[in-house]
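> PDB, C-alpha atoms, file data04.pdb:
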```
ATOM      1  CA  MET W   1      -5.287  35.452  -6.140
ATOM      2  CA  SER W   2      -7.106  32.938  -3.999
ATOM      3  CA  ARG W   3      -9.070  31.819  -7.051
ATOM      4  CA  ALA W   4      -5.846  31.209  -8.938
ATOM      5  CA  VAL W   5      -4.480  29.093  -6.123
ATOM      6  CA  THR W   6      -7.686  27.071  -5.970
ATOM      7  CA  ALA W   7      -7.674  26.482  -9.707
ATOM      8  CA  ALA W   8      -4.005  25.533  -9.708
ATOM      9  CA  SER W   9      -4.405  23.112  -6.845
ATOM     10  CA  ARG W  10      -7.396  21.558  -8.551
ATOM     11  CA  GLU W  11      -5.261  20.895 -11.615
ATOM     12  CA  GLU W  12      -2.517  19.432  -9.503
ATOM     13  CA  LYS W  13      -2.571  15.680  -9.346
ATOM     14  CA  LEU W  14      -0.673  13.004  -7.567
ATOM     15  CA  ILE W  15       1.403  11.304 -10.235
ATOM     16  CA  VAL W  16       2.744   7.816  -9.618
ATOM     17  CA  ALA W  17       4.676   6.476 -12.606
ATOM     18  CA  GLY W  18       2.305   7.959 -15.143
ATOM     19  CA  HIS W  19      -0.865   7.207 -13.182
ATOM     20  CA  ALA W  20      -2.591  10.470 -12.218
ATOM     21  CA  PHE W  21      -4.786  10.684  -9.142
ATOM     22  CA  SER W  22      -6.954  13.629  -8.118
ATOM     23  CA  SER W  23      -6.953  12.435  -4.524
ATOM     24  CA  ARG W  24      -3.747  12.427  -2.510
ATOM     25  CA  LEU W  25      -5.179   9.960  -0.056
ATOM     26  CA  ILE W  26      -4.515   6.245  -0.440
ATOM     27  CA  ILE W  27      -6.271   3.929   1.954
ATOM     28  CA  GLY W  28      -6.175   0.392   3.200
ATOM     29  CA  THR W  29      -8.830  -2.273   3.230
ATOM     30  CA  GLY W  30      -8.177  -3.974   6.577
ATOM     31  CA  LYS W  31      -9.742  -3.855  10.039
ATOM     32  CA  TYR W  32     -13.180  -2.569   9.012
ATOM     33  CA  ARG W  33     -16.137  -3.895  10.973
ATOM     34  CA  SER W  34     -17.914  -4.884   7.760
ATOM     35  CA  TYR W  35     -17.439  -4.731   4.005
ATOM     36  CA  ASP W  36     -20.323  -2.260   3.778
ATOM     37  CA  GLU W  37     -18.606   0.031   6.237
ATOM     38  CA  MET W  38     -15.375  -0.245   4.258
ATOM     39  CA  ARG W  39     -17.121   0.663   1.020
ATOM     40  CA  SER W  40     -18.833   3.654   2.599
ATOM     41  CA  ALA W  41     -15.570   4.863   4.115
ATOM     42  CA  HIS W  42     -13.758   4.444   0.809
ATOM     43  CA  GLN W  43     -16.424   6.492  -0.920
ATOM     44  CA  ALA W  44     -16.373   9.228   1.731
ATOM     45  CA  SER W  45     -12.591   9.490   1.600
ATOM     46  CA  GLY W  46     -12.521  10.330  -2.102
ATOM     47  CA  ALA W  47      -9.494   8.035  -2.425
ATOM     48  CA  GLU W  48      -8.875   6.606  -5.874
ATOM     49  CA  MET W  49      -6.370   3.968  -4.854
ATOM     50  CA  VAL W  50      -6.673   1.294  -2.170
ATOM     51  CA  THR W  51      -4.154  -1.234  -1.007
ATOM     52  CA  VAL W  52      -4.864  -4.953  -0.526
ATOM     53  CA  ALA W  53      -2.877  -7.827   0.935
ATOM     54  CA  VAL W  54      -1.991 -11.197  -0.625
ATOM     55  CA  ARG W  55      -2.718 -14.346   1.356
ATOM     56  CA  ARG W  56      -3.156 -18.070   0.825
ATOM     57  CA  VAL W  57      -6.624 -19.063  -0.372
ATOM     58  CA  PRO W  58      -8.377 -21.093   2.349
ATOM     59  CA  LEU W  59      -8.866 -24.620   1.050
ATOM     60  CA  ASP W  60     -11.334 -25.873   3.661
ATOM     61  CA  ARG W  61     -14.145 -23.492   2.840
ATOM     62  CA  SER W  62     -15.388 -21.541  -0.108
ATOM     63  CA  SER W  63     -14.146 -17.993   0.030
ATOM     64  CA  GLU W  64     -15.858 -15.123  -1.656
ATOM     65  CA  SER W  65     -13.628 -12.730  -3.524
ATOM     66  CA  PHE W  66     -12.817  -9.825  -1.268
ATOM     67  CA  LEU W  67     -12.131  -7.725  -4.350
ATOM     68  CA  ASP W  68     -15.802  -7.902  -5.298
ATOM     69  CA  TYR W  69     -16.519  -5.628  -2.338
ATOM     70  CA  LEU W  70     -14.339  -2.862  -3.703
ATOM     71  CA  ASN W  71     -15.708  -0.171  -5.950
ATOM     72  CA  PRO W  72     -14.490  -1.266  -9.416
ATOM     73  CA  SER W  73     -13.337   2.260 -10.239
ATOM     74  CA  LEU W  74     -10.644   2.112  -7.541
ATOM     75  CA  GLN W  75      -7.040   1.479  -8.527
ATOM     76  CA  ILE W  76      -5.866  -1.535  -6.582
ATOM     77  CA  LEU W  77      -2.400  -1.350  -5.058
ATOM     78  CA  PRO W  78      -1.343  -4.822  -3.919
ATOM     79  CA  ASN W  79       1.074  -4.886  -1.004
ATOM     80  CA  THR W  80       3.601  -7.348   0.340
ATOM     81  CA  ALA W  81       2.417  -6.977   3.931
ATOM     82  CA  GLY W  82       3.456  -9.879   6.120
ATOM     83  CA  CYS W  83       6.771 -10.482   4.376
ATOM     84  CA  TYR W  84       9.909 -10.554   6.512
ATOM     85  CA  ASN W  85      12.545 -10.986   3.820
ATOM     86  CA  ALA W  86      13.236  -9.781   0.295
ATOM     87  CA  GLU W  87      12.588 -13.160  -1.293
ATOM     88  CA  ASP W  88       9.075 -13.527   0.121
ATOM     89  CA  ALA W  89       8.250  -9.951  -0.825
ATOM     90  CA  ILE W  90       9.443 -10.551  -4.387
ATOM     91  CA  ARG W  91       7.375 -13.751  -4.664
ATOM     92  CA  THR W  92       4.323 -11.974  -3.263
ATOM     93  CA  ALA W  93       4.700  -9.093  -5.705
ATOM     94  CA  ARG W  94       4.977 -11.505  -8.629
ATOM     95  CA  LEU W  95       1.845 -13.363  -7.526
ATOM     96  CA  ALA W  96      -0.060 -10.100  -7.137
ATOM     97  CA  ARG W  97       0.926  -8.972 -10.596
ATOM     98  CA  GLU W  98      -0.152 -12.269 -12.096
ATOM     99  CA  ALA W  99      -3.562 -12.089 -10.410
ATOM    100  CA  LEU W 100      -4.324  -8.409 -10.929
ATOM    101  CA  GLN W 101      -2.394  -7.559 -14.083
ATOM    102  CA  THR W 102      -0.976  -4.441 -12.459
ATOM    103  CA  ASP W 103       2.678  -3.487 -12.145
ATOM    104  CA  LEU W 104       2.018  -1.396  -9.042
ATOM    105  CA  VAL W 105       3.224  -2.788  -5.757
ATOM    106  CA  LYS W 106       3.502  -1.365  -2.262
ATOM    107  CA  LEU W 107       6.685  -3.041  -1.144
ATOM    108  CA  GLU W 108       6.894  -3.879   2.521
ATOM    109  CA  VAL W 109       9.539  -5.970   4.183
ATOM    110  CA  ILE W 110       8.994  -5.990   7.919
ATOM    111  CA  GLY W 111      11.964  -6.340  10.232
ATOM    112  CA  ASP W 112      10.397  -6.906  13.613
ATOM    113  CA  GLN W 113       7.030  -8.131  14.894
ATOM    114  CA  THR W 114       6.727  -5.762  17.834
ATOM    115  CA  THR W 115       7.383  -2.510  16.041
ATOM    116  CA  LEU W 116       6.602  -3.573  12.472
ATOM    117  CA  PHE W 117       9.475  -1.332  11.512
ATOM    118  CA  PRO W 118      10.720  -1.951   7.983
ATOM    119  CA  ASP W 119      13.857  -3.900   7.201
ATOM    120  CA  ASN W 120      15.373  -1.227   4.977
ATOM    121  CA  GLU W 121      18.202  -3.422   3.738
ATOM    122  CA  GLN W 122      15.865  -6.192   2.574
ATOM    123  CA  THR W 123      13.466  -3.608   1.178
ATOM    124  CA  LEU W 124      16.204  -2.117  -0.996
ATOM    125  CA  GLU W 125      17.276  -5.555  -2.167
ATOM    126  CA  ALA W 126      13.709  -6.461  -3.137
ATOM    127  CA  ALA W 127      13.167  -3.080  -4.794
ATOM    128  CA  ARG W 128      16.178  -3.569  -7.063
ATOM    129  CA  VAL W 129      14.897  -6.937  -8.269
ATOM    130  CA  LEU W 130      11.314  -5.784  -8.749
ATOM    131  CA  VAL W 131      12.261  -2.617 -10.644
ATOM    132  CA  LYS W 132      14.297  -4.761 -13.053
ATOM    133  CA  GLU W 133      11.219  -6.906 -13.577
ATOM    134  CA  GLY W 134       9.190  -3.852 -14.556
ATOM    135  CA  PHE W 135       7.292  -3.271 -11.340
ATOM    136  CA  VAL W 136       6.240   0.193 -10.229
ATOM    137  CA  VAL W 137       7.644  -0.048  -6.731
ATOM    138  CA  LEU W 138       6.332   2.026  -3.823
ATOM    139  CA  PRO W 139       8.435   1.067  -0.804
ATOM    140  CA  TYR W 140       7.524   1.496   2.857
ATOM    141  CA  PHE W 141      10.674   2.439   4.769
ATOM    142  CA  SER W 142      12.050   4.375   7.721
ATOM    143  CA  ASP W 143      11.837   8.148   7.427
ATOM    144  CA  ASP W 144      15.454   8.466   6.430
ATOM    145  CA  LEU W 145      16.795  10.674   3.643
ATOM    146  CA  ILE W 146      19.724   8.466   2.692
ATOM    147  CA  MET W 147      17.503   5.421   2.424
ATOM    148  CA  ALA W 148      15.055   7.433   0.325
ATOM    149  CA  LYS W 149      17.878   8.345  -2.063
ATOM    150  CA  LYS W 150      18.965   4.729  -2.390
ATOM    151  CA  LEU W 151      15.421   3.582  -3.112
ATOM    152  CA  LEU W 152      14.973   6.292  -5.738
ATOM    153  CA  ASP W 153      18.345   5.427  -7.280
ATOM    154  CA  ALA W 154      17.152   1.837  -7.453
ATOM    155  CA  GLY W 155      14.275   3.056  -9.618
ATOM    156  CA  CYS W 156      11.376   3.208  -7.175
ATOM    157  CA  ALA W 157       8.495   5.309  -8.495
ATOM    158  CA  ALA W 158       7.925   6.929  -5.108
ATOM    159  CA  VAL W 159       9.085   6.575  -1.544
ATOM    160  CA  MET W 160       6.797   5.899   1.402
ATOM    161  CA  PRO W 161       8.383   6.892   4.701
ATOM    162  CA  LEU W 162       6.559   6.019   7.900
ATOM    163  CA  ALA W 163       5.220   8.769  10.151
ATOM    164  CA  ALA W 164       5.093   6.416  13.163
ATOM    165  CA  PRO W 165       4.745   2.648  13.671
ATOM    166  CA  ILE W 166       2.053   0.936  11.602
ATOM    167  CA  GLY W 167      -1.326   1.090  13.310
ATOM    168  CA  SER W 168      -0.017   3.224  16.181
ATOM    169  CA  GLY W 169      -1.921   6.395  15.368
ATOM    170  CA  LEU W 170       0.868   8.446  16.924
ATOM    171  CA  GLY W 171       1.068  10.923  14.059
ATOM    172  CA  VAL W 172       4.212  12.380  12.505
ATOM    173  CA  GLN W 173       6.937  11.633  15.047
ATOM    174  CA  ASN W 174       9.792  13.234  13.209
ATOM    175  CA  PRO W 175       8.593  16.227  11.212
ATOM    176  CA  ALA W 176      12.169  17.414  10.660
ATOM    177  CA  ASN W 177      13.017  14.216   8.776
ATOM    178  CA  LEU W 178      10.054  14.615   6.444
ATOM    179  CA  ARG W 179      10.842  18.266   5.883
ATOM    180  CA  ILE W 180      14.463  17.497   5.093
ATOM    181  CA  MET W 181      13.409  14.725   2.734
ATOM    182  CA  ARG W 182      11.085  17.124   0.911
ATOM    183  CA  GLU W 183      13.735  19.820   0.644
ATOM    184  CA  GLN W 184      16.496  17.490  -0.472
ATOM    185  CA  LEU W 185      14.351  15.495  -2.896
ATOM    186  CA  PRO W 186      12.178  18.164  -4.508
ATOM    187  CA  ASP W 187      11.291  16.017  -7.512
ATOM    188  CA  ALA W 188      10.545  12.776  -5.685
ATOM    189  CA  THR W 189       7.050  11.551  -4.974
ATOM    190  CA  ILE W 190       6.871  11.184  -1.200
ATOM    191  CA  ILE W 191       3.860   9.415   0.284
ATOM    192  CA  VAL W 192       3.703   9.187   4.056
ATOM    193  CA  ASP W 193       2.729   5.637   4.945
ATOM    194  CA  ALA W 194       1.703   4.471   8.396
ATOM    195  CA  GLY W 195       1.264   6.111  11.768
ATOM    196  CA  VAL W 196      -1.396   8.717  11.078
ATOM    197  CA  GLY W 197      -4.048   8.733  13.819
ATOM    198  CA  THR W 198      -6.394  11.589  13.095
ATOM    199  CA  ALA W 199      -7.056  14.383  10.627
ATOM    200  CA  SER W 200      -4.513  16.840  12.011
ATOM    201  CA  ASP W 201      -1.762  14.219  11.595
ATOM    202  CA  ALA W 202      -2.607  13.913   7.908
ATOM    203  CA  ALA W 203      -2.678  17.682   7.531
ATOM    204  CA  ILE W 204       0.743  17.973   9.179
ATOM    205  CA  ALA W 205       2.214  15.369   6.824
ATOM    206  CA  MET W 206       0.891  17.322   3.858
ATOM    207  CA  GLU W 207       2.020  20.688   5.260
ATOM    208  CA  LEU W 208       5.517  19.250   5.502
ATOM    209  CA  GLY W 209       5.381  18.681   1.756
ATOM    210  CA  ALA W 210       4.310  15.069   1.376
ATOM    211  CA  ASP W 211       2.680  14.353  -1.975
ATOM    212  CA  GLY W 212       0.194  11.994  -0.396
ATOM    213  CA  VAL W 213      -0.666   9.938   2.643
ATOM    214  CA  LEU W 214      -1.502   6.261   2.915
ATOM    215  CA  MET W 215      -3.523   5.163   5.914
ATOM    216  CA  ASN W 216      -5.693   2.304   7.106
ATOM    217  CA  THR W 217      -6.210   2.033  10.859
ATOM    218  CA  ALA W 218      -6.902   5.729  11.442
ATOM    219  CA  ILE W 219     -10.075   5.367   9.397
ATOM    220  CA  ALA W 220     -10.999   1.729  10.050
ATOM    221  CA  GLU W 221     -10.657   1.945  13.829
ATOM    222  CA  ALA W 222     -12.358   5.322  14.222
ATOM    223  CA  GLN W 223     -15.671   5.188  16.088
ATOM    224  CA  ASP W 224     -17.282   6.389  12.874
ATOM    225  CA  PRO W 225     -15.054   5.445   9.939
ATOM    226  CA  VAL W 226     -17.170   7.261   7.362
ATOM    227  CA  ARG W 227     -16.912  10.570   9.207
ATOM    228  CA  MET W 228     -13.184  10.043   9.753
ATOM    229  CA  ALA W 229     -12.736   9.263   6.056
ATOM    230  CA  MET W 230     -14.349  12.607   5.231
ATOM    231  CA  ALA W 231     -12.174  14.340   7.813
ATOM    232  CA  MET W 232      -9.065  12.803   6.253
ATOM    233  CA  LYS W 233     -10.117  13.916   2.786
ATOM    234  CA  LEU W 234     -10.475  17.502   3.993
ATOM    235  CA  ALA W 235      -7.276  17.364   6.058
ATOM    236  CA  ILE W 236      -5.243  16.166   3.081
ATOM    237  CA  GLU W 237      -6.662  18.938   0.931
ATOM    238  CA  ALA W 238      -6.133  21.563   3.655
ATOM    239  CA  GLY W 239      -2.590  20.434   4.325
ATOM    240  CA  ARG W 240      -1.730  20.461   0.643
ATOM    241  CA  LEU W 241      -3.137  23.948   0.172
ATOM    242  CA  ALA W 242      -1.241  25.195   3.215
ATOM    243  CA  TYR W 243       1.984  23.715   1.849
ATOM    244  CA  LEU W 244       1.452  25.345  -1.536
ATOM    245  CA  ALA W 245       0.453  28.623   0.074
ATOM    246  CA  GLY W 246       3.660  28.728   2.106
ATOM    247  CA  ARG W 247       3.211  29.302   5.802
ATOM    248  CA  MET W 248       4.186  32.505   7.634
ATOM    249  CA  PRO W 249       7.451  32.414   9.561
ATOM    250  CA  LYS W 250       7.272  31.489  13.226
ATOM    251  CA  ARG W 251       8.204  34.266  15.654
ATOM    252  CA  LEU W 252       8.817  34.132  19.343
ATOM    253  CA  TYR W 253       7.077  37.447  20.027
ATOM    254  CA  ALA W 254       3.797  39.043  19.021
ATOM    255  CA  SER W 255       3.419  40.960  15.799
ATOM    256  CA  ALA W 256       0.327  43.175  15.651
ATOM    257  CA  SER W 257      -1.831  42.821  12.572
ATOM    258  CA  SER W 258      -3.561  46.190  13.035
ATOM    259  CA  PRO W 259      -1.905  49.581  12.319
ATOM    260  CA  LEU W 260       0.116  50.793  15.273
ATOM    261  CA  THR W 261      -0.850  54.404  14.634
ATOM    262  CA  GLY W 262      -4.229  56.157  14.863
ATOM    263  CA  VAL W 263      -5.410  54.535  18.025
ATOM    264  CA  ILE W 264      -7.774  56.844  19.958
ATOM    265  CA  LYS W 265      -6.377  58.474  23.034
TER
ATOM    266  CA  MET V   1       1.146 -38.780  -5.518
ATOM    267  CA  LYS V   2       1.617 -36.429  -2.641
ATOM    268  CA  VAL V   3       1.781 -32.664  -3.215
ATOM    269  CA  TYR V   4       1.665 -29.743  -0.826
ATOM    270  CA  VAL V   5      -0.981 -27.097  -1.415
ATOM    271  CA  ASN V   6      -0.677 -23.981   0.737
ATOM    272  CA  GLY V   7       1.442 -26.010   3.116
ATOM    273  CA  GLU V   8      -1.037 -28.909   3.476
ATOM    274  CA  SER V   9      -0.244 -32.300   2.011
ATOM    275  CA  ARG V  10      -2.784 -33.737  -0.421
ATOM    276  CA  ASP V  11      -2.901 -37.113  -2.108
ATOM    277  CA  LEU V  12      -3.756 -37.006  -5.776
ATOM    278  CA  SER V  13      -4.362 -40.113  -7.841
ATOM    279  CA  GLY V  14      -3.047 -40.387 -11.374
ATOM    280  CA  GLU V  15      -1.942 -37.553 -13.596
ATOM    281  CA  PHE V  16      -2.870 -34.118 -12.413
ATOM    282  CA  SER V  17      -2.370 -30.711 -13.968
ATOM    283  CA  LEU V  18      -2.456 -27.454 -12.038
ATOM    284  CA  ALA V  19      -5.729 -26.612 -13.755
ATOM    285  CA  GLU V  20      -7.240 -29.907 -12.588
ATOM    286  CA  LEU V  21      -6.056 -29.275  -9.044
ATOM    287  CA  ILE V  22      -7.717 -25.866  -9.027
ATOM    288  CA  THR V  23     -10.923 -27.391 -10.355
ATOM    289  CA  GLN V  24     -10.821 -30.112  -7.700
ATOM    290  CA  LEU V  25     -10.368 -27.496  -4.989
ATOM    291  CA  GLU V  26     -13.454 -25.716  -6.340
ATOM    292  CA  LEU V  27     -11.610 -22.417  -6.505
ATOM    293  CA  ALA V  28     -12.951 -19.636  -8.665
ATOM    294  CA  ALA V  29     -10.139 -19.124 -11.117
ATOM    295  CA  THR V  30     -10.479 -15.368 -11.257
ATOM    296  CA  ARG V  31      -8.145 -13.096  -9.341
ATOM    297  CA  ILE V  32      -6.071 -15.824  -7.819
ATOM    298  CA  ALA V  33      -2.448 -16.572  -8.604
ATOM    299  CA  VAL V  34      -0.506 -19.796  -8.431
ATOM    300  CA  GLU V  35       3.075 -20.633  -7.636
ATOM    301  CA  LEU V  36       4.657 -24.020  -8.262
ATOM    302  CA  ASN V  37       7.880 -24.634  -6.366
ATOM    303  CA  ARG V  38       8.287 -20.891  -5.773
ATOM    304  CA  GLU V  39       7.788 -19.835  -9.391
ATOM    305  CA  VAL V  40       4.626 -18.161 -10.651
ATOM    306  CA  VAL V  41       2.733 -20.212 -13.223
ATOM    307  CA  ARG V  42       0.809 -18.028 -15.636
ATOM    308  CA  ARG V  43      -2.884 -18.755 -15.937
ATOM    309  CA  ASN V  44      -2.529 -19.877 -19.546
ATOM    310  CA  ASP V  45      -0.010 -22.492 -18.481
ATOM    311  CA  TRP V  46      -2.091 -24.104 -15.731
ATOM    312  CA  SER V  47      -3.553 -26.829 -17.912
ATOM    313  CA  GLY V  48      -0.212 -27.726 -19.444
ATOM    314  CA  THR V  49       1.640 -27.866 -16.125
ATOM    315  CA  MET V  50       1.671 -31.394 -14.688
ATOM    316  CA  LEU V  51       2.216 -31.964 -10.970
ATOM    317  CA  HIS V  52       4.899 -34.231  -9.591
ATOM    318  CA  GLU V  53       5.560 -35.947  -6.263
ATOM    319  CA  ASN V  54       6.377 -33.463  -3.468
ATOM    320  CA  ASP V  55       5.568 -30.413  -5.567
ATOM    321  CA  ARG V  56       4.762 -27.365  -3.511
ATOM    322  CA  VAL V  57       1.859 -25.295  -4.758
ATOM    323  CA  GLU V  58       0.860 -21.922  -3.354
ATOM    324  CA  ILE V  59      -2.496 -20.460  -4.326
ATOM    325  CA  VAL V  60      -3.174 -16.915  -3.214
ATOM    326  CA  HIS V  61      -5.929 -14.351  -3.377
ATOM    327  CA  PHE V  62      -6.478 -10.889  -1.958
ATOM    328  CA  VAL V  63      -7.680  -9.905   1.473
ATOM    329  CA  GLY V  64      -8.246  -6.662   3.293
ATOM    330  CA  GLY V  65      -5.100  -5.086   4.625
ATOM    331  CA  GLY V  66      -3.163  -1.873   4.796
ATOM    332  CA  ALA V  67       0.218  -2.764   6.147
ATOM    333  CA  ALA V  68       2.049  -5.622   7.821
TER
END
```
Go ahead and render the structure in this file as structure tokens.


Amino acid sequence: MSRAVTAASREEKLIVAGHAFSSRLIIGTGKYRSYDEMRSAHQASGAEMVTVAVRRVPLDRSSESFLDYLNPSLQILPNTAGCYNAEDAIRTARLAREALQTDLVKLEVIGDQTTLFPDNEQTLEAARVLVKEGFVVLPYFSDDLIMAKKLLDAGCAAVMPLAAPIGSGLGVQNPANLRIMREQLPDATIIVDAGVGTASDAAIAMELGADGVLMNTAIAEAQDPVRMAMAMKLAIEAGRLAYLAGRMPKRLYASASSPLTGVIK
Amino acid sequence: MKVYVNGESRDLSGEFSLAELITQLELAATRIAVELNREVVRRNDWSGTMLHENDRVEIVHFVGGGAA
């Protein structure tokens, strides 16, 4: 029985618009203390996809290509981080596609500098345009079922609800919302994006039925990012297995696991 | 001729194509992308795209980042 589960879960892959990934962990490339540390953390995490940001090339100094520091086997997921309206996000996505020759884009339209909460309305508007242009759109948005439905109806390949504010490390703040989203959208690819702080947070997201988790700061700002990357890898796998296994029901009172009869007197 | 590159004004003398601008800026042409007046210009079209007064050019590359 347990062997069957293990084999089945090994076969199981994260599918994003025809791309299959063995790892359900997607990680960022920011905030590391050095490129070497980033590379080591990426390797330890087992992630097969990493996200990168688009910025103006500095003109006053020669800049080395950041991408050269990434393991070439990694799938690069460009993001529209830093964009505050649909138009800028669309332009950024188009530039990323031109430079990287990939249709994948992590769509982010931020609504507010303090919270970095997404502007869902602008996100949906940008998603509609980008899907029409053939992009594989993975939108970051509030953990809201109705918004998730609208983004999927617009043709997004997956939805990426936040667990908590970006970079906050607070963990899943609204588990009920994620659970409802999973139950109501059984066929959707749901990737929790932002807010994970440590391994148990990632495990909880997966236990709630997420198909994957995207994180950056939780690994990059750990005291030891390589160890944390390994912890996240294991947590994602553990959480996924627990979800597939189906947890026992919660009870208010004790329920003995030994026979009640035959106790010596 | 004055053009704006990544928000900075630059004076260019004579005829200038996008490809020549990128060469003058000493940018490695790999894994960058270019926008002229808010429209992406495909790499193959850089040499045939001539710049005009007050054109706005954006040249981007990739940097580390997760979100926001």

> Tell me, in Å to one decimal, how far atom CA of V:Ile32 is from atom CA of W:Gly82.

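Atom CA of W:Gly82 lies 17.9 Å from atom CA of V:Ile32.
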
> Using the chain letters and numbers from the file, give me the residues hit by the ChimeraX specification (/V :<8) & /W, as a VMD selection string.

chain W and resid 27 to 31 51 to 57 59 62 65 to 67 79 to 83 91 94 to 96 98 to 100 108 110 116 166 194 215 to 217

> Please, what distance in Å, to one decimal, runs between atom CA of W:Ser23 and atom CA of W:Ile204?

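That distance, rounded to one decimal, is 16.7 Å.
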
> Carefully work through the PyMOL selection byres ((chain V and resi 50) around 9) for this structure and note down the residues it includes, as a list in words.

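Written out, the selection comes to Glu15, Phe16, Ser17, Leu18, Ala19, Trp46, Ser47, Gly48, Thr49, Leu51 and His52 of chain V.
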
> Using atom CA of W:Leu138 and atom CA of W:Met160 as the two end points, give the distance in Å to one decimal.

6.5 Å

> Pull out every residue that the PyMOL selection byres ((chain W and resi 70) around 10) matches in the shown coordinates and put them as an MDAnalysis selection string.

chainID W and resid 29 35:36 38:39 42:43 50 65:69 71:76

> Which residue is closest to W:Ala127? Choose from W:Pro165, W:Leu77, W:Glu87, W:Asp143 and count only C-alpha atoms.

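Distance minimum relative to W:Ala127 lands on W:Glu87.
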
> Quick one: of V:Val57, V:Leu36, V:Leu12, V:Met1, who's nearest to V:Gln24, counting all atoms listed in the file?

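Closest residue, counting all atoms listed in the file: V:Leu12.
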
> Need to verify the contact set: stretch 232-242 of chain W, 6 Å, all atoms listed in the file, exclusion of same-chain residues closer than 5 positions in sequence. Can you return it as a list of chain:residue names?

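Residues meeting the cut-off are W:Ser45, W:Ala199, W:Ala202, W:Ala203, W:Met206, W:Glu207.
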
> Would you kindly identify which residues have an atom no farther than 6 Å from (5.5, -26.5, -2.7), using only C-alpha atoms and the file's own coordinates, and write them out as an MDAnalysis selection string?

chainID V and resid 4 37 55:57

> Would you write out those residues with C-alpha atoms, as a compact mmCIF listing (two decimals), keeping the file's coordinate frame?


```
# COMPACT_ATOMS: atom_id res chain seq x y z
CA TYR V 4 1.66 -29.74 -0.83
CA ASN V 37 7.88 -24.63 -6.37
CA ASP V 55 5.57 -30.41 -5.57
CA ARG V 56 4.76 -27.36 -3.51
CA VAL V 57 1.86 -25.30 -4.76
```

> Using only C-alpha atoms, collect all residues at a distance of at most 8 Å from (-1.6, 10.3, -1.4) as written in the file, then present them as a VMD selection string.

chain W and resid 14 23 to 26 191 to 192 211 to 214

> Dump stretch 19-63 of chain V with C-alpha atoms to a file, as a short mmCIF file (atom, residue, chain, number, x, y, z; two decimals), in the first residue's frame.


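selection_6.cif, freshly written:
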```cif
data_model
loop_
_atom_site.label_atom_id
_atom_site.label_comp_id
_atom_site.auth_asym_id
_atom_site.auth_seq_id
_atom_site.Cartn_x
_atom_site.Cartn_y
_atom_site.Cartn_z
CA ALA V 19 21.65 48.13 -33.53
CA GLU V 20 24.22 50.94 -33.70
CA LEU V 21 22.95 52.39 -30.44
CA ILE V 22 23.33 49.04 -28.72
CA THR V 23 26.85 48.70 -30.09
CA GLN V 24 27.73 52.21 -28.92
CA LEU V 25 26.44 51.41 -25.44
CA GLU V 26 28.71 48.34 -25.43
CA LEU V 27 25.84 46.10 -24.42
CA ALA V 28 26.11 42.38 -24.95
CA ALA V 29 23.26 41.71 -27.31
CA THR V 30 22.28 38.41 -25.77
CA ARG V 31 19.34 38.12 -23.42
CA ILE V 32 18.35 41.73 -23.54
CA ALA V 33 15.20 43.13 -25.08
CA VAL V 34 14.49 46.51 -26.60
CA GLU V 35 11.42 48.69 -26.77
CA LEU V 36 11.09 51.72 -29.02
CA ASN V 37 8.31 54.10 -28.06
CA ARG V 38 6.65 51.38 -25.98
CA GLU V 39 6.70 48.70 -28.67
CA VAL V 40 9.07 45.74 -28.61
CA VAL V 41 11.52 45.69 -31.52
CA ARG V 42 12.54 42.16 -32.44
CA ARG V 43 16.25 41.48 -32.49
CA ASN V 44 16.25 40.88 -36.24
CA ASP V 45 14.80 44.33 -36.79
CA TRP V 46 17.35 46.28 -34.73
CA SER V 47 19.62 47.10 -37.64
CA GLY V 48 16.77 48.20 -39.88
CA THR V 49 15.13 50.40 -37.25
CA MET V 50 16.34 54.01 -37.50
CA LEU V 51 16.08 56.35 -34.51
CA HIS V 52 14.36 59.70 -34.65
CA GLU V 53 14.38 62.86 -32.53
CA ASN V 54 12.80 62.31 -29.08
CA ASP V 55 12.48 58.56 -29.52
CA ARG V 56 12.22 56.70 -26.25
CA VAL V 57 14.21 53.50 -26.05
CA GLU V 58 14.01 51.02 -23.20
CA ILE V 59 16.64 48.31 -22.95
CA VAL V 60 16.08 45.65 -20.33
CA HIS V 61 17.78 42.57 -18.97
CA PHE V 62 17.12 40.16 -16.13
CA VAL V 63 17.97 40.53 -12.48
#
```
